[in-house]
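The structure file work.txt is reproduced below (compact mmCIF, N, CA and C atoms).
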# COMPACT_ATOMS: atom_id res chain seq x y z
N MET Z 20 0.83 -1.17 0.00
CA MET Z 20 0.00 0.00 0.00
C MET Z 20 0.88 1.24 0.00
N THR Z 21 0.56 2.14 -0.87
CA THR Z 21 1.35 3.35 -1.04
C THR Z 21 0.84 4.47 -0.15
N ILE Z 22 1.77 5.18 0.43
CA ILE Z 22 1.45 6.40 1.18
C ILE Z 22 1.97 7.56 0.34
N THR Z 23 1.10 8.54 0.06
CA THR Z 23 1.54 9.73 -0.66
C THR Z 23 1.39 10.94 0.25
N ARG Z 24 2.34 11.85 0.13
CA ARG Z 24 2.35 13.06 0.95
C ARG Z 24 2.43 14.26 0.04
N GLN Z 25 1.65 15.29 0.37
CA GLN Z 25 1.66 16.52 -0.41
C GLN Z 25 2.04 17.67 0.51
N GLU Z 26 2.79 18.62 -0.05
CA GLU Z 26 3.24 19.79 0.69
C GLU Z 26 3.95 19.36 1.98
N VAL Z 27 5.02 18.60 1.77
CA VAL Z 27 5.79 18.05 2.87
C VAL Z 27 6.72 19.10 3.45
N GLY Z 28 6.66 19.28 4.73
CA GLY Z 28 7.55 20.20 5.43
C GLY Z 28 8.40 19.43 6.42
N GLN Z 29 9.18 20.13 7.20
CA GLN Z 29 10.05 19.50 8.18
C GLN Z 29 9.25 18.76 9.26
N ARG Z 30 8.15 19.38 9.71
CA ARG Z 30 7.38 18.81 10.83
C ARG Z 30 6.13 18.05 10.41
N MET Z 31 5.61 18.37 9.23
CA MET Z 31 4.35 17.75 8.84
C MET Z 31 4.13 17.85 7.34
N SER Z 32 3.22 17.02 6.87
CA SER Z 32 2.71 17.12 5.50
C SER Z 32 1.32 17.70 5.61
N ARG Z 33 0.95 18.57 4.67
CA ARG Z 33 -0.40 19.16 4.73
C ARG Z 33 -1.45 18.13 4.41
N ILE Z 34 -1.12 17.19 3.50
CA ILE Z 34 -2.03 16.12 3.11
C ILE Z 34 -1.26 14.81 3.08
N VAL Z 35 -1.83 13.77 3.66
CA VAL Z 35 -1.30 12.42 3.56
C VAL Z 35 -2.44 11.53 3.08
N LYS Z 36 -2.15 10.71 2.07
CA LYS Z 36 -3.17 9.80 1.54
C LYS Z 36 -2.66 8.37 1.65
N HIS Z 37 -3.56 7.49 2.12
CA HIS Z 37 -3.22 6.08 2.27
C HIS Z 37 -4.48 5.24 2.12
N ASN Z 38 -4.42 4.31 1.21
CA ASN Z 38 -5.50 3.33 1.07
C ASN Z 38 -6.88 3.98 0.94
N GLY Z 39 -6.97 5.03 0.14
CA GLY Z 39 -8.25 5.69 -0.11
C GLY Z 39 -8.70 6.66 0.97
N THR Z 40 -7.83 6.91 1.95
CA THR Z 40 -8.17 7.82 3.04
C THR Z 40 -7.25 9.04 2.98
N VAL Z 41 -7.82 10.21 3.22
CA VAL Z 41 -7.10 11.49 3.18
C VAL Z 41 -7.02 12.02 4.61
N TYR Z 42 -5.82 12.39 5.01
CA TYR Z 42 -5.57 12.97 6.33
C TYR Z 42 -5.04 14.39 6.13
N LEU Z 43 -5.69 15.36 6.72
CA LEU Z 43 -5.23 16.74 6.64
C LEU Z 43 -4.55 17.11 7.95
N CYS Z 44 -3.48 17.90 7.86
CA CYS Z 44 -2.88 18.42 9.08
C CYS Z 44 -3.84 19.46 9.67
N GLY Z 45 -3.59 19.85 10.88
CA GLY Z 45 -4.44 20.85 11.52
C GLY Z 45 -4.50 22.14 10.73
N GLN Z 46 -5.70 22.68 10.59
CA GLN Z 46 -5.92 23.91 9.83
C GLN Z 46 -6.43 24.99 10.77
N VAL Z 47 -5.90 26.20 10.58
CA VAL Z 47 -6.34 27.36 11.34
C VAL Z 47 -6.82 28.42 10.36
N CYS Z 48 -7.26 29.53 10.88
CA CYS Z 48 -7.81 30.62 10.08
C CYS Z 48 -6.76 31.31 9.22
N LYS Z 49 -7.25 32.16 8.33
CA LYS Z 49 -6.36 32.96 7.49
C LYS Z 49 -5.91 34.23 8.20
N ASP Z 50 -6.71 34.74 9.15
CA ASP Z 50 -6.39 35.99 9.84
C ASP Z 50 -6.79 35.86 11.30
N ALA Z 51 -5.81 35.69 12.16
CA ALA Z 51 -6.05 35.46 13.58
C ALA Z 51 -6.51 36.70 14.33
N THR Z 52 -6.62 37.85 13.66
CA THR Z 52 -7.14 39.04 14.34
C THR Z 52 -8.66 39.08 14.31
N GLN Z 53 -9.28 38.17 13.59
CA GLN Z 53 -10.74 38.14 13.44
C GLN Z 53 -11.40 37.40 14.60
N ASP Z 54 -12.73 37.51 14.68
CA ASP Z 54 -13.49 36.84 15.74
C ASP Z 54 -13.67 35.36 15.40
N ILE Z 55 -14.29 34.62 16.30
CA ILE Z 55 -14.45 33.17 16.14
C ILE Z 55 -15.24 32.83 14.88
N THR Z 56 -16.25 33.61 14.53
CA THR Z 56 -17.04 33.33 13.33
C THR Z 56 -16.18 33.40 12.09
N GLU Z 57 -15.41 34.46 11.95
CA GLU Z 57 -14.56 34.62 10.77
C GLU Z 57 -13.40 33.63 10.78
N GLN Z 58 -12.83 33.38 11.94
CA GLN Z 58 -11.75 32.39 12.01
C GLN Z 58 -12.27 31.02 11.59
N THR Z 59 -13.45 30.65 12.05
CA THR Z 59 -14.02 29.35 11.67
C THR Z 59 -14.31 29.31 10.18
N ARG Z 60 -14.90 30.36 9.65
CA ARG Z 60 -15.24 30.40 8.23
C ARG Z 60 -14.01 30.24 7.35
N THR Z 61 -12.94 30.99 7.63
CA THR Z 61 -11.76 30.91 6.77
C THR Z 61 -10.97 29.61 7.00
N MET Z 62 -11.05 29.07 8.20
CA MET Z 62 -10.43 27.77 8.46
C MET Z 62 -11.10 26.70 7.60
N LEU Z 63 -12.43 26.73 7.54
CA LEU Z 63 -13.16 25.74 6.75
C LEU Z 63 -12.94 25.95 5.25
N GLU Z 64 -12.72 27.19 4.82
CA GLU Z 64 -12.35 27.43 3.41
C GLU Z 64 -11.05 26.71 3.08
N LYS Z 65 -10.09 26.76 4.00
CA LYS Z 65 -8.82 26.08 3.79
C LYS Z 65 -9.02 24.57 3.73
N VAL Z 66 -9.90 24.04 4.58
CA VAL Z 66 -10.21 22.61 4.54
C VAL Z 66 -10.79 22.24 3.18
N ASP Z 67 -11.74 23.04 2.69
CA ASP Z 67 -12.31 22.80 1.36
C ASP Z 67 -11.22 22.72 0.30
N GLU Z 68 -10.31 23.70 0.30
CA GLU Z 68 -9.24 23.75 -0.70
C GLU Z 68 -8.36 22.51 -0.63
N LEU Z 69 -7.99 22.09 0.57
CA LEU Z 69 -7.13 20.92 0.71
C LEU Z 69 -7.85 19.64 0.33
N LEU Z 70 -9.12 19.53 0.68
CA LEU Z 70 -9.88 18.33 0.30
C LEU Z 70 -9.97 18.19 -1.21
N VAL Z 71 -10.24 19.29 -1.89
CA VAL Z 71 -10.30 19.26 -3.36
C VAL Z 71 -8.93 18.87 -3.92
N GLN Z 72 -7.89 19.48 -3.38
CA GLN Z 72 -6.53 19.17 -3.82
C GLN Z 72 -6.22 17.68 -3.64
N ALA Z 73 -6.78 17.08 -2.60
CA ALA Z 73 -6.53 15.67 -2.28
C ALA Z 73 -7.45 14.72 -3.03
N GLY Z 74 -8.40 15.26 -3.80
CA GLY Z 74 -9.35 14.39 -4.51
C GLY Z 74 -10.50 13.95 -3.64
N SER Z 75 -10.93 14.83 -2.76
CA SER Z 75 -12.04 14.52 -1.86
C SER Z 75 -12.95 15.74 -1.78
N GLY Z 76 -13.76 15.82 -0.76
CA GLY Z 76 -14.65 16.96 -0.55
C GLY Z 76 -15.33 16.81 0.78
N ARG Z 77 -16.00 17.86 1.21
CA ARG Z 77 -16.60 17.84 2.55
C ARG Z 77 -17.67 16.75 2.70
N GLU Z 78 -18.32 16.36 1.61
CA GLU Z 78 -19.32 15.29 1.71
C GLU Z 78 -18.67 13.92 1.94
N HIS Z 79 -17.33 13.86 1.85
CA HIS Z 79 -16.60 12.60 2.07
C HIS Z 79 -15.84 12.58 3.39
N MET Z 80 -16.07 13.59 4.25
CA MET Z 80 -15.40 13.61 5.55
C MET Z 80 -15.83 12.41 6.40
N LEU Z 81 -14.85 11.80 7.03
CA LEU Z 81 -15.10 10.69 7.93
C LEU Z 81 -15.09 11.14 9.38
N SER Z 82 -14.12 11.99 9.71
CA SER Z 82 -14.05 12.50 11.08
C SER Z 82 -13.42 13.88 11.11
N ALA Z 83 -13.74 14.61 12.16
CA ALA Z 83 -13.17 15.94 12.38
C ALA Z 83 -12.94 16.10 13.88
N THR Z 84 -11.79 16.66 14.21
CA THR Z 84 -11.50 17.02 15.59
C THR Z 84 -11.29 18.53 15.61
N ILE Z 85 -12.09 19.21 16.41
CA ILE Z 85 -12.06 20.66 16.48
C ILE Z 85 -11.50 21.05 17.86
N TYR Z 86 -10.56 21.97 17.82
CA TYR Z 86 -9.92 22.48 19.04
C TYR Z 86 -10.33 23.95 19.19
N LEU Z 87 -10.89 24.28 20.34
CA LEU Z 87 -11.28 25.66 20.63
C LEU Z 87 -10.40 26.22 21.74
N ASN Z 88 -10.02 27.48 21.59
CA ASN Z 88 -9.25 28.16 22.62
C ASN Z 88 -10.07 28.25 23.90
N THR Z 89 -11.39 28.45 23.75
CA THR Z 89 -12.30 28.48 24.89
C THR Z 89 -13.66 27.92 24.46
N MET Z 90 -14.26 27.15 25.33
CA MET Z 90 -15.58 26.59 25.01
C MET Z 90 -16.65 27.67 24.98
N ALA Z 91 -16.33 28.88 25.41
CA ALA Z 91 -17.28 29.99 25.29
C ALA Z 91 -17.60 30.27 23.82
N ASP Z 92 -16.73 29.83 22.90
CA ASP Z 92 -16.94 30.03 21.46
C ASP Z 92 -17.67 28.87 20.79
N PHE Z 93 -18.06 27.87 21.56
CA PHE Z 93 -18.67 26.65 21.01
C PHE Z 93 -19.90 26.94 20.14
N ALA Z 94 -20.82 27.73 20.62
CA ALA Z 94 -22.06 28.00 19.87
C ALA Z 94 -21.78 28.78 18.59
N ALA Z 95 -20.92 29.79 18.65
CA ALA Z 95 -20.61 30.58 17.46
C ALA Z 95 -19.87 29.74 16.42
N MET Z 96 -18.94 28.89 16.86
CA MET Z 96 -18.24 28.00 15.93
C MET Z 96 -19.23 27.04 15.29
N ASN Z 97 -20.12 26.48 16.11
CA ASN Z 97 -21.10 25.52 15.59
C ASN Z 97 -22.05 26.15 14.57
N ALA Z 98 -22.37 27.41 14.71
CA ALA Z 98 -23.26 28.08 13.74
C ALA Z 98 -22.61 28.07 12.35
N VAL Z 99 -21.31 28.32 12.29
CA VAL Z 99 -20.60 28.29 11.01
C VAL Z 99 -20.46 26.85 10.53
N TRP Z 100 -20.08 25.97 11.42
CA TRP Z 100 -19.91 24.55 11.09
C TRP Z 100 -21.20 23.96 10.53
N ASP Z 101 -22.31 24.20 11.21
CA ASP Z 101 -23.59 23.62 10.80
C ASP Z 101 -23.99 24.07 9.40
N ALA Z 102 -23.70 25.31 9.05
CA ALA Z 102 -24.02 25.82 7.71
C ALA Z 102 -23.07 25.25 6.65
N TRP Z 103 -21.88 24.84 7.06
CA TRP Z 103 -20.84 24.36 6.14
C TRP Z 103 -20.98 22.88 5.81
N VAL Z 104 -21.34 22.07 6.79
CA VAL Z 104 -21.43 20.61 6.59
C VAL Z 104 -22.65 20.29 5.74
N PRO Z 105 -22.46 19.54 4.63
CA PRO Z 105 -23.61 19.17 3.80
C PRO Z 105 -24.61 18.32 4.59
N GLU Z 106 -25.87 18.65 4.46
CA GLU Z 106 -26.91 17.90 5.17
C GLU Z 106 -26.79 16.41 4.87
N GLY Z 107 -26.84 15.61 5.92
CA GLY Z 107 -26.75 14.16 5.78
C GLY Z 107 -25.32 13.64 5.66
N HIS Z 108 -24.32 14.52 5.73
CA HIS Z 108 -22.93 14.10 5.57
C HIS Z 108 -22.05 14.51 6.76
N ALA Z 109 -22.64 14.67 7.92
CA ALA Z 109 -21.86 15.06 9.09
C ALA Z 109 -20.89 13.94 9.45
N PRO Z 110 -19.61 14.29 9.67
CA PRO Z 110 -18.62 13.27 10.04
C PRO Z 110 -18.73 12.94 11.53
N ALA Z 111 -18.03 11.88 11.94
CA ALA Z 111 -17.82 11.68 13.37
C ALA Z 111 -17.02 12.89 13.82
N ARG Z 112 -17.30 13.42 15.02
CA ARG Z 112 -16.66 14.67 15.41
C ARG Z 112 -16.41 14.72 16.91
N ALA Z 113 -15.30 15.34 17.25
CA ALA Z 113 -15.00 15.67 18.64
C ALA Z 113 -14.64 17.15 18.68
N CYS Z 114 -14.96 17.80 19.78
CA CYS Z 114 -14.62 19.21 19.96
C CYS Z 114 -14.13 19.37 21.39
N VAL Z 115 -12.92 19.89 21.52
CA VAL Z 115 -12.32 20.04 22.84
C VAL Z 115 -11.72 21.44 23.00
N GLU Z 116 -11.58 21.84 24.24
CA GLU Z 116 -10.88 23.09 24.55
C GLU Z 116 -9.39 22.76 24.66
N ALA Z 117 -8.55 23.59 24.02
CA ALA Z 117 -7.11 23.31 24.02
C ALA Z 117 -6.32 24.61 23.94
N ALA Z 118 -5.12 24.58 24.49
CA ALA Z 118 -4.20 25.70 24.33
C ALA Z 118 -3.71 25.67 22.88
N MET Z 119 -3.69 26.82 22.24
CA MET Z 119 -3.29 26.91 20.84
C MET Z 119 -1.80 27.26 20.73
N ALA Z 120 -1.25 27.04 19.54
CA ALA Z 120 0.16 27.34 19.29
C ALA Z 120 0.43 28.84 19.45
N ARG Z 121 -0.57 29.66 19.10
CA ARG Z 121 -0.49 31.12 19.29
C ARG Z 121 -1.77 31.54 20.01
N PRO Z 122 -1.69 32.41 20.99
CA PRO Z 122 -2.88 32.76 21.79
C PRO Z 122 -4.00 33.42 21.00
N GLU Z 123 -3.69 34.09 19.88
CA GLU Z 123 -4.74 34.75 19.10
C GLU Z 123 -5.56 33.78 18.26
N LEU Z 124 -5.09 32.54 18.12
CA LEU Z 124 -5.86 31.52 17.39
C LEU Z 124 -7.01 31.05 18.28
N LEU Z 125 -8.20 31.04 17.73
CA LEU Z 125 -9.38 30.65 18.49
C LEU Z 125 -9.88 29.26 18.17
N VAL Z 126 -9.51 28.73 16.98
CA VAL Z 126 -10.04 27.44 16.55
C VAL Z 126 -9.06 26.77 15.59
N GLU Z 127 -9.00 25.45 15.67
CA GLU Z 127 -8.19 24.63 14.75
C GLU Z 127 -8.96 23.35 14.49
N ILE Z 128 -8.75 22.76 13.32
CA ILE Z 128 -9.45 21.53 12.97
C ILE Z 128 -8.51 20.55 12.31
N SER Z 129 -8.71 19.29 12.58
CA SER Z 129 -8.02 18.20 11.90
C SER Z 129 -9.09 17.31 11.27
N VAL Z 130 -8.90 16.97 9.99
CA VAL Z 130 -9.94 16.27 9.23
C VAL Z 130 -9.38 15.00 8.60
N VAL Z 131 -10.20 13.94 8.61
CA VAL Z 131 -9.92 12.71 7.88
C VAL Z 131 -11.10 12.51 6.94
N ALA Z 132 -10.80 12.19 5.66
CA ALA Z 132 -11.85 12.03 4.66
C ALA Z 132 -11.52 10.86 3.75
N ALA Z 133 -12.52 10.38 3.05
CA ALA Z 133 -12.32 9.36 2.02
C ALA Z 133 -12.07 10.05 0.69
N GLU Z 134 -11.26 9.42 -0.17
CA GLU Z 134 -11.10 9.93 -1.52
C GLU Z 134 -12.41 9.73 -2.26
N ARG Z 135 -12.63 10.54 -3.29
CA ARG Z 135 -13.84 10.38 -4.11
C ARG Z 135 -13.78 9.09 -4.87
Before we go any further, please render this structure as structure tokens.
Amino acid sequence: MTITRQEVGQRMSRIVKHNGTVYLCGQVCKDATQDITEQTRTMLEKVDELLVQAGSGREHMLSATIYLNTMADFAAMNAVWDAWVPEGHAPARACVEAAMARPELLVEISVVAAER
């Protein structure tokens, strides 16, 4: 079984594919000065871009792990998430509060999906 890696860096690959499964590295927002709604929206845009690049899409997500800087942002993050996930295609999901790599980051996501 072949493992393919895309956008390989010293610490991580942005995309790893193995046996029909796509693994994305953790994704954060495009602009950490924005509020939780905008950070979530732009983070999910990046997920969309990487899934397409990997030959998948949000309707093929298998699981998602969401990390929040504070659970006080849970409802606002979920409002964006709920509008983004295609109806009937919600992945298995976990959401936890976690310390972020930079304090201005409010949300991060890690996604596993099936190839199309």
Could you give me the residues within chain Z that DSSP places in helix (DSSP H, G or I), as an MDAnalysis selection string? chainID Z and resid 55:72 77:79 90:103
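Secondary structure by DSSP on the backbone puts the following residues of segment 37-88 of chain Z in strand (DSSP E): His37, Thr40, Val41, Tyr42, Leu43, Met80, Leu81, Ser82, Ala83, Thr84, Ile85, Tyr86 and Leu87 of chain Z.
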Quick one: residues within 10 Å of Leu63 of chain Z, only C-alpha atoms, excluding same-chain residues fewer than 2 positions away - as JSON, numbers by chain? {"Z": [46, 47, 48, 49, 57, 58, 59, 60, 61, 65, 66, 67, 68, 69, 77, 99, 100, 103, 104, 127, 128]}
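Interatomic distance, atom CA of Ala113 of chain Z to atom N of Leu125 of chain Z: 16.8 Å.
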Can you pull out every residue within 6 Å of Gln25 of chain Z, counting all atoms listed in the file, but drop anything in the same chain fewer than 6 positions away, and send it as JSON, numbers by chain? {"Z": [32, 33, 34, 35]}
Expressed in Å to a single decimal, how great is the separation between atom CA of Ala51 of chain Z and atom C of Phe93 of chain Z? 17.5 Å
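Our summary of the geometry notes that atom C of Thr21 of chain Z is positioned 19.6 Å from atom C of Met80 of chain Z.
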At a cut-off of 6.5 Å, using all atoms listed in the file, what residues contact Gly74 of chain Z? Leave out same-chain residues fewer than 2 positions from it and give the result as a PyMOL selection string. chain Z and resi 69-72+76+133-135
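The set of protein, DNA and RNA residues with any counted atom at most 6.5 Å from (-14.0, 24.6, 21.5) (all atoms listed in the file) reads Ile85, Tyr86, Leu87, Asn88, Thr89, Met90, Ala91, Asp92, Phe93, Cys114, Val115, Glu116 and Ala117 of chain Z.
The shortest atom-to-atom distance to Leu81 of chain Z, with all atoms listed in the file taken into account, belongs to Z:Ala111 out of Z:Gly28, Z:Ala111, Z:Leu43, Z:Ile55.
Each of Z:Cys44, Z:Thr23, Z:Glu78, Z:Pro122 was compared to His108 of chain Z using only N, CA and C atoms, and Z:Glu78 turns out to be the nearest.
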Between Z:Met62, Z:Val130, Z:Ala118, Z:Val41, which residue has the minimum interatomic distance to Thr84 of chain Z, considering all atoms listed in the file? Z:Val130
